[in-house]
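Following: one structure in C-alpha cells, then a few remarks.
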2 protein chains.
Amino acid sequence: MIKPDAPIHPTTERDESAIVGKRKVTARDQSLEGAPYVITTRDIAERLGVSVSTVGRALADDPRISEETKFRVRQAASEMGYVGNRAARMMRGASSNVVALVIPDIRNSFYSTIAHELSKNMEAEGFQLMLSETDDDRMVELRHLRELSANRVAGVIIVPTARPHADSVKLLRTVPHLQLLRRHPSLGSQWFGVDDHEALRQATAHLVTLGHTRIAYLGGPEELPTGAERLRGFRSALREGGLPDDAGYTELGPPSSVEHGRDAVRRLLQGRDAPTALVLGSIQLTLGVLEELSEQGVKVPGELSVVGFGDEPGFSWWGPGLTTIGLPIQEMATGCALWLMRRLKTKPSNDGPYTSVSPGSLILRGSTAPPGGRAPSRSD
Amino acid sequence: MIKPDAPIHPTTERDESAIVGKRKVTARDQSLEGAPYVITTRDIAERLGVSVSTVGRALADDPRISEETKFRVRQAASEMGYVGNRAARMMRGASSNVVALVIPDIRNSFYSTIAHELSKNMEAEGFQLMLSETDDDRMVELRHLRELSANRVAGVIIVPTARPHADSVKLLRTVPHLQLLRRHPSLGSQWFGVDDHEALRQATAHLVTLGHTRIAYLGGPEELPTGAERLRGFRSALREGGLPDDAGYTELGPPSSVEHGRDAVRRLLQGRDAPTALVLGSIQLTLGVLEELSEQGVKVPGELSVVGFGDEPGFSWWGPGLTTIGLPIQEMATGCALWLMRRLKTKPSNDGPYTSVSPGSLILRGSTAPPGGRAPSRSD
DNA sequence: GCAGTTGGTGCTAACGTTAGCACGGAGTAA
DNA sequence: TTACTCCGTGCTAACGTTAGCACCAACTGC
C-alpha cells in the first residue's frame with residue numbers, strides 16, 4: 001500500500017522486460033522481489049496485452065468495451081490484487097470520499113455516539129470518516145484543519161472551539177462544512193444543534209416548581225456558545241420563578257473535565273447557605289459530580305436535588321436514578337450525515353443557510369424533590 | 001478543497017491572462033468567479049514570475065533557494081491561502097499520513113479510549129486517524145479495508161472480526177498493520193492484547209475462594225479469540241477450585257450487545273438452582289447486566305455476586321460498587337501508537353513478529369461476597 | 001462495390017508535485 | 001584571458017488515472 005522507496009526506473013527501461021512464468025517482470029519488479037509492489041492499471045494492461053485506457057474503461061464498466069474484454073480485465077485485476085489509487089483519481093478532478101469529524105474528545109460518549117451514527121450513515125454511501133480531536137485547543141484545531149485540507153477531505157463536521165483561529169476560518173471556507181452543537185458566526189450558517197436555552201430553562205423550572213430557591217448551576221464557560229445559551233436558559237427560569245438572576249451559585253469551567261466537576265461540586269457544598277439543588281450543563285461535569293456525591297455520601301434528593309445533563313449508561317442506576325436532560329443525539333447525528341451526504345452529492349448551489357434545532361427533553365427520575373423533603377409521587 | 005467541476009481549460013489558454021488588480025486572472029478563474037478555487041504552486045509561480053520548481057523548493061525549504069525568494073514565496077502562499085495537495089505528493093512516491101483504526105463500535109468506551117490515545121499520539125507526529133466501524137460484520141470489514149486500501153492509508157490498527165474474509169487478509173498484507181485485542185493467525189503476528197485467560201481466571205478464582213460453587217459466565221462467542229480465551233480462563237479457575245468444568249452456567253453471545261446482556265442475565269436467574277455468582281466477559285454485556293439487575297432489584301451481593309468486565313464510569317457507583325476486571329487500555333493504546341509510529345518512520349525491515357500482552361487487574365469493590373452472606377471485611 | 005455508420009480499442013494530455021538535469025552568471029584560481 | 005566552480009533558477013519527466021480524440025475493422029444501406 002505504501003510505495004517502497006526503491007530506485008526509480010524510467011519508463012524506457014520497462015521495455016527490457018522478460019516473461020517469467022505468467023507475469024511480465026520488469027526491472028522495477030526485480031529490484032523489489034518479495035516487497036509489496038502496488039499493482040497499477042498498467043500492470044494489468046501489460047499482462048493482457050491491451051492498453052491502459054482499455055483497462056481503465058473495463059474497470060469503470062464503460063459500455064464501449066466488449067463484455068469479453070471486461071471479463072478478462074476484471075479477472076486479472078482480481079487475481080493480481082489491483083486496488084485503484086484514489087490519489088490519482090483525485091488529481092483528475094474527482095473529489096475524495098473522506099469526511100472529517102472535528103470534535104473536542106471522542107471519549108465523551110456524546111461525541112462517540114455521533115461518530116458512530118455518522119460512520120454508519122456514510123459507509124452506506126461509500127464515504128470514510130476521519131477523526132480529529134481538538135481537546136478544545138484552537139491551535140490543535142488549526143493543525144487538524146490544515147492536515148484535512150491538505151488531504152482534500154470532501155466535507156467537515158465540526159464542533160468548533162470557543163474562538164477558532166482566523167486561519168481555521170479561512171480553511172473552512174474552502175470546504176463544505178457543518179457546525180455541530182456549538183455555533184460560531186464566523187464559520188458560516190450551516191448548523192445542527194440543540195435548543196440549549198430551552199433545555200436548561202425547563203430543567204431549572206422543574207426545580208423552581210419543586211420549591212427550590214437556592215439553585216446552583218455548573219456548566220461550561222460563557223465563551224462557548226453552548227455554555228452561554230445554557231447559562232441564559234438557567235437564568236431565564238430563575239427570573240420566571242421570581243428568583244433573582246444572581247441567586248444562582250454558578251460555577252463555570254472546562255466542560256470536558258470530569259475532575260473539574262468533582263472540584264466544583266465540592267466547593268459548592270462547602271459554604272454556608274449551600275444550594276439545595278444543582279443543575280448541570282455538560283455530560284463530563286455530570287459524571288464528575290455523580291462520582292463526588294457518591295463518595296461523599298451526600299443524600300440525594302434529601303440534601304441536594306440534582307438534574308444532570310445527557311443520559312449516559314449509569315445515570316439511571318445512580319443513587320435514586322438521575323433526573324436529567326435527555327438529548328436527541330442519534331437523530332442529530334443522522335440529520336448531519338444526511339445533510340452532508342446530500343450536500344456532497346448535489347451541485348454546491350444549495351449552499352444557503354441551514355439550521356436545525358433539536359429539543360432536549362427532561363427525563364424525570366428520583367434525584368429531584370422539594371428542598372429537604374421526600375420525592376413527591378412521580379407521574380411518569 | 002474539492003475541485004469544482006467547471007469546464008477544463010487547456011494550458012495554452014492560460015497564457016491569455018490579464019492583470020486585474022494584483023493578481024493574474026486566467027480564463028479558468030473567470031469561469032469560476034466566487035467559487036472556491038484551489039490554489040496550486042503554479043498560481044504562486046505565475047504571480048511571482050518564477051517557476052513552479054522554485055516555488056516547490058522554496059516551500060520545502062530547499063537550501064539551493066535564496067532566502068529572499070523563499071520569503072516572497074511563503075508570503076504569497078500564505079496570502080493566497082495555498083495548501084499543498086497531498087494526493088499529488090503521494091503520486092510522487094510519498095506515503096500518506098493517515099492511519100486507520102478498524103474496530104467493531106466506537107460507542108464502546110473501550111474503543112473510544114483507544115481512539116483517543118491513538119489520535120493524541122499520532123497528532124504529534126503529523127498523522128491523521130481514519131475511523132472504520134465493522135459492527136463485527138466481516139463484509140463491512142472488507143468494504144472498509146477496500147476503501148482504506150484505495151486511499152493508501154499508511155497503516156492499520158485492527159480489532160478483527162471472528163473470521164476475516166480472505167480478501168481482507170490479502171489487503172492487509174500490503175499495509176503495515178497491527179492487531180489489537182483479538183488475534184487472528186491469518187492476519188500476521190503483530191499483536192497488542194490483554195491476557196484474557198489470566199484476567200478471567202483471577203476473577204473467577206476470587207469467587208471460588210469466597211465459596212461459590214454455582215458460578216455463571218456470560219461472555220462473547222468462542223468464535224472470537226478473546227471470547228475463547230476468557231472462557232478458558234473461567235474454566236481453568238473452576239477446575240483449579242475443584243469444581244466441574246461444566247458447573248458453569250455459561251451464556252455466550254454477541255459481545256457488543258447491551259440488550260443481550262439483559263436477556264441473558266434474566267434467563268440465568270430464572271431457573272431453579274440459579275447461580276450465586278456471575279462473571280462477565282465484555283463491557284457491553286456488563287452494562288446490560290447492571291441495568292437489568294438494578295431494574296429487577298436483585299440484591300447484590302446477597303442474592304448474587306457479580307464481577308464485571310472493564311471499568312466504566314458508573315461501575316463504581318452501581319449498587320454496592322462493582323468488583324470488576326480493570327484493563328490497561330491507555331497503556332495498550334499508547335503502546336500501539338508508538339509501535340506503529342516507529343514502524344512507519346523506519347524502513348520496513350523490522351517487520352518481525354511482535355506481541356505485547358498486558359495484564360488485567362481485579363478491582364475489588366462491594367459486589368462480591370460469600371454465597372448468600374454479607375461482604376467480608378474488605379482489604380483494599 | 002462504395003460511402004457511411006458503429007463498435008472496440010489505442011494514443012495523448014492533463015491533474016499538482018517533485019527530482020534530475022541543464023543552464024547562465026558571478027566569482028576564483030592559474 | 002581561460003578554465004573551473006558554485007549558486008540560483010528553469011525545464012522536463014514522472015507518478016496513476018481518466019477523458020477527448022483518432023483510428024481501424026466490420027458491418028449496413030444503397
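FYI, nothing fancy with the C-alpha cells labels: chains A, B, ... in order, residues from 1 per chain, ligands from 1 as they appear.
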Test item: residues at most 10 Å from DC11 (chain D), only C-alpha atoms (C1' of nucleotides), excluding those fewer than 3 positions along its chain, as a ChimeraX atom specification: /B:51,53 /C:21-23
Those selected residues, please, written with all heavy atoms and delivered as a PDB file, in the first residue's frame.
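Written output follows (result34.pdb):
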ATOM      1  N   SER B  51       9.377  30.016 -11.487  1.00  0.00           N
ATOM      2  CA  SER B  51       8.892  28.725 -11.969  1.00  0.00           C
ATOM      3  C   SER B  51       8.261  27.914 -10.837  1.00  0.00           C
ATOM      4  O   SER B  51       8.488  28.187  -9.662  1.00  0.00           O
ATOM      5  CB  SER B  51      10.055  27.927 -12.553  1.00  0.00           C
ATOM      6  OG  SER B  51      10.876  27.474 -11.527  1.00  0.00           O
ATOM      7  N   SER B  53       8.993  24.988 -10.023  1.00  0.00           N
ATOM      8  CA  SER B  53      10.044  24.300  -9.273  1.00  0.00           C
ATOM      9  C   SER B  53      10.531  25.173  -8.131  1.00  0.00           C
ATOM     10  O   SER B  53      10.723  24.710  -7.005  1.00  0.00           O
ATOM     11  CB  SER B  53      11.223  23.980 -10.178  1.00  0.00           C
ATOM     12  OG  SER B  53      10.787  23.580 -11.436  1.00  0.00           O
TER      13      SER B  53
ATOM     14  P    DC C  21      20.609  12.849 -13.109  1.00  0.00           P
ATOM     15  OP1  DC C  21      20.968  11.605 -13.805  1.00  0.00           O
ATOM     16  OP2  DC C  21      21.337  13.273 -11.890  1.00  0.00           O
ATOM     17  O5'  DC C  21      20.678  14.045 -14.151  1.00  0.00           O
ATOM     18  C5'  DC C  21      19.838  14.013 -15.300  1.00  0.00           C
ATOM     19  C4'  DC C  21      19.726  15.398 -15.882  1.00  0.00           C
ATOM     20  O4'  DC C  21      19.023  16.254 -14.962  1.00  0.00           O
ATOM     21  C3'  DC C  21      21.074  16.082 -16.141  1.00  0.00           C
ATOM     22  O3'  DC C  21      21.235  16.281 -17.531  1.00  0.00           O
ATOM     23  C2'  DC C  21      21.007  17.392 -15.351  1.00  0.00           C
ATOM     24  C1'  DC C  21      19.498  17.568 -15.149  1.00  0.00           C
ATOM     25  N1   DC C  21      19.156  18.360 -13.940  1.00  0.00           N
ATOM     26  C2   DC C  21      18.371  19.510 -14.080  1.00  0.00           C
ATOM     27  O2   DC C  21      17.993  19.833 -15.206  1.00  0.00           O
ATOM     28  N3   DC C  21      18.060  20.237 -12.981  1.00  0.00           N
ATOM     29  C4   DC C  21      18.506  19.852 -11.775  1.00  0.00           C
ATOM     30  N4   DC C  21      18.170  20.587 -10.724  1.00  0.00           N
ATOM     31  C5   DC C  21      19.305  18.688 -11.611  1.00  0.00           C
ATOM     32  C6   DC C  21      19.605  17.979 -12.701  1.00  0.00           C
ATOM     33  P    DA C  22      22.528  16.959 -18.099  1.00  0.00           P
ATOM     34  OP1  DA C  22      22.862  16.281 -19.366  1.00  0.00           O
ATOM     35  OP2  DA C  22      23.533  17.091 -17.033  1.00  0.00           O
ATOM     36  O5'  DA C  22      21.973  18.410 -18.442  1.00  0.00           O
ATOM     37  C5'  DA C  22      20.682  18.544 -19.040  1.00  0.00           C
ATOM     38  C4'  DA C  22      20.384  20.021 -19.232  1.00  0.00           C
ATOM     39  O4'  DA C  22      19.949  20.588 -17.965  1.00  0.00           O
ATOM     40  C3'  DA C  22      21.599  20.840 -19.675  1.00  0.00           C
ATOM     41  O3'  DA C  22      21.174  21.811 -20.604  1.00  0.00           O
ATOM     42  C2'  DA C  22      22.086  21.476 -18.382  1.00  0.00           C
ATOM     43  C1'  DA C  22      20.774  21.692 -17.633  1.00  0.00           C
ATOM     44  N9   DA C  22      20.896  21.711 -16.173  1.00  0.00           N
ATOM     45  C8   DA C  22      21.567  20.810 -15.387  1.00  0.00           C
ATOM     46  N7   DA C  22      21.501  21.071 -14.109  1.00  0.00           N
ATOM     47  C5   DA C  22      20.728  22.226 -14.045  1.00  0.00           C
ATOM     48  C6   DA C  22      20.285  23.011 -12.969  1.00  0.00           C
ATOM     49  N6   DA C  22      20.577  22.739 -11.699  1.00  0.00           N
ATOM     50  N1   DA C  22      19.536  24.101 -13.256  1.00  0.00           N
ATOM     51  C2   DA C  22      19.253  24.369 -14.533  1.00  0.00           C
ATOM     52  N3   DA C  22      19.606  23.697 -15.628  1.00  0.00           N
ATOM     53  C4   DA C  22      20.346  22.629 -15.303  1.00  0.00           C
ATOM     54  P    DC C  23      22.200  22.611 -21.510  1.00  0.00           P
ATOM     55  OP1  DC C  23      21.731  22.528 -22.905  1.00  0.00           O
ATOM     56  OP2  DC C  23      23.566  22.184 -21.136  1.00  0.00           O
ATOM     57  O5'  DC C  23      22.015  24.103 -21.007  1.00  0.00           O
ATOM     58  C5'  DC C  23      20.691  24.633 -20.776  1.00  0.00           C
ATOM     59  C4'  DC C  23      20.818  25.864 -19.927  1.00  0.00           C
ATOM     60  O4'  DC C  23      20.926  25.495 -18.535  1.00  0.00           O
ATOM     61  C3'  DC C  23      22.061  26.707 -20.255  1.00  0.00           C
ATOM     62  O3'  DC C  23      21.667  28.025 -20.550  1.00  0.00           O
ATOM     63  C2'  DC C  23      22.898  26.640 -18.982  1.00  0.00           C
ATOM     64  C1'  DC C  23      21.820  26.393 -17.920  1.00  0.00           C
ATOM     65  N1   DC C  23      22.321  25.769 -16.676  1.00  0.00           N
ATOM     66  C2   DC C  23      21.959  26.328 -15.425  1.00  0.00           C
ATOM     67  O2   DC C  23      21.242  27.331 -15.413  1.00  0.00           O
ATOM     68  N3   DC C  23      22.426  25.758 -14.287  1.00  0.00           N
ATOM     69  C4   DC C  23      23.206  24.675 -14.358  1.00  0.00           C
ATOM     70  N4   DC C  23      23.627  24.130 -13.208  1.00  0.00           N
ATOM     71  C5   DC C  23      23.581  24.092 -15.608  1.00  0.00           C
ATOM     72  C6   DC C  23      23.125  24.665 -16.731  1.00  0.00           C
TER      73       DC C  23
END
Return as a CSV table (one decimal) with C-alpha atoms, in the first residue's frame the residues belonging to chain B that are within 8 Å of chain C, counting only C-alpha atoms (C1' of nucleotides).
chain,number,residue,atom,x,y,z
B,40,THR,CA,-1.6,25.5,-6.7
B,41,THR,CA,2.1,26.1,-6.8
B,53,SER,CA,10.0,24.3,-9.3
B,56,GLY,CA,8.1,24.0,-4.7
B,85,ASN,CA,-2.1,18.7,-2.3
B,88,ALA,CA,-0.2,14.8,-5.8
B,89,ARG,CA,2.6,14.4,-3.4
B,92,ARG,CA,5.4,11.1,-6.4
Region 40-222 of chain B: residues DSSP assigns to helix (DSSP H, G or I), reported as a PyMOL selection string: chain B and resi 41-48+52-59+67-80+86-91+109-123+138-150+166-173+185-187+196-209
Polymer residues at most 9 Å from region 262-266 of chain B, only C-alpha atoms (C1' of nucleotides), same-chain spacing of 5 or more positions, as an NGL selection string: :B and (218 or 251-253 or 278 or 285-293)
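Using only C-alpha atoms (C1' of nucleotides), the contacts of Ile158 (chain A) at a cut-off of 6 Å, with sequence neighbours closer than 2 positions omitted, comprise Leu101, Val102, Pro160, Gln179 and Leu180 of chain A.
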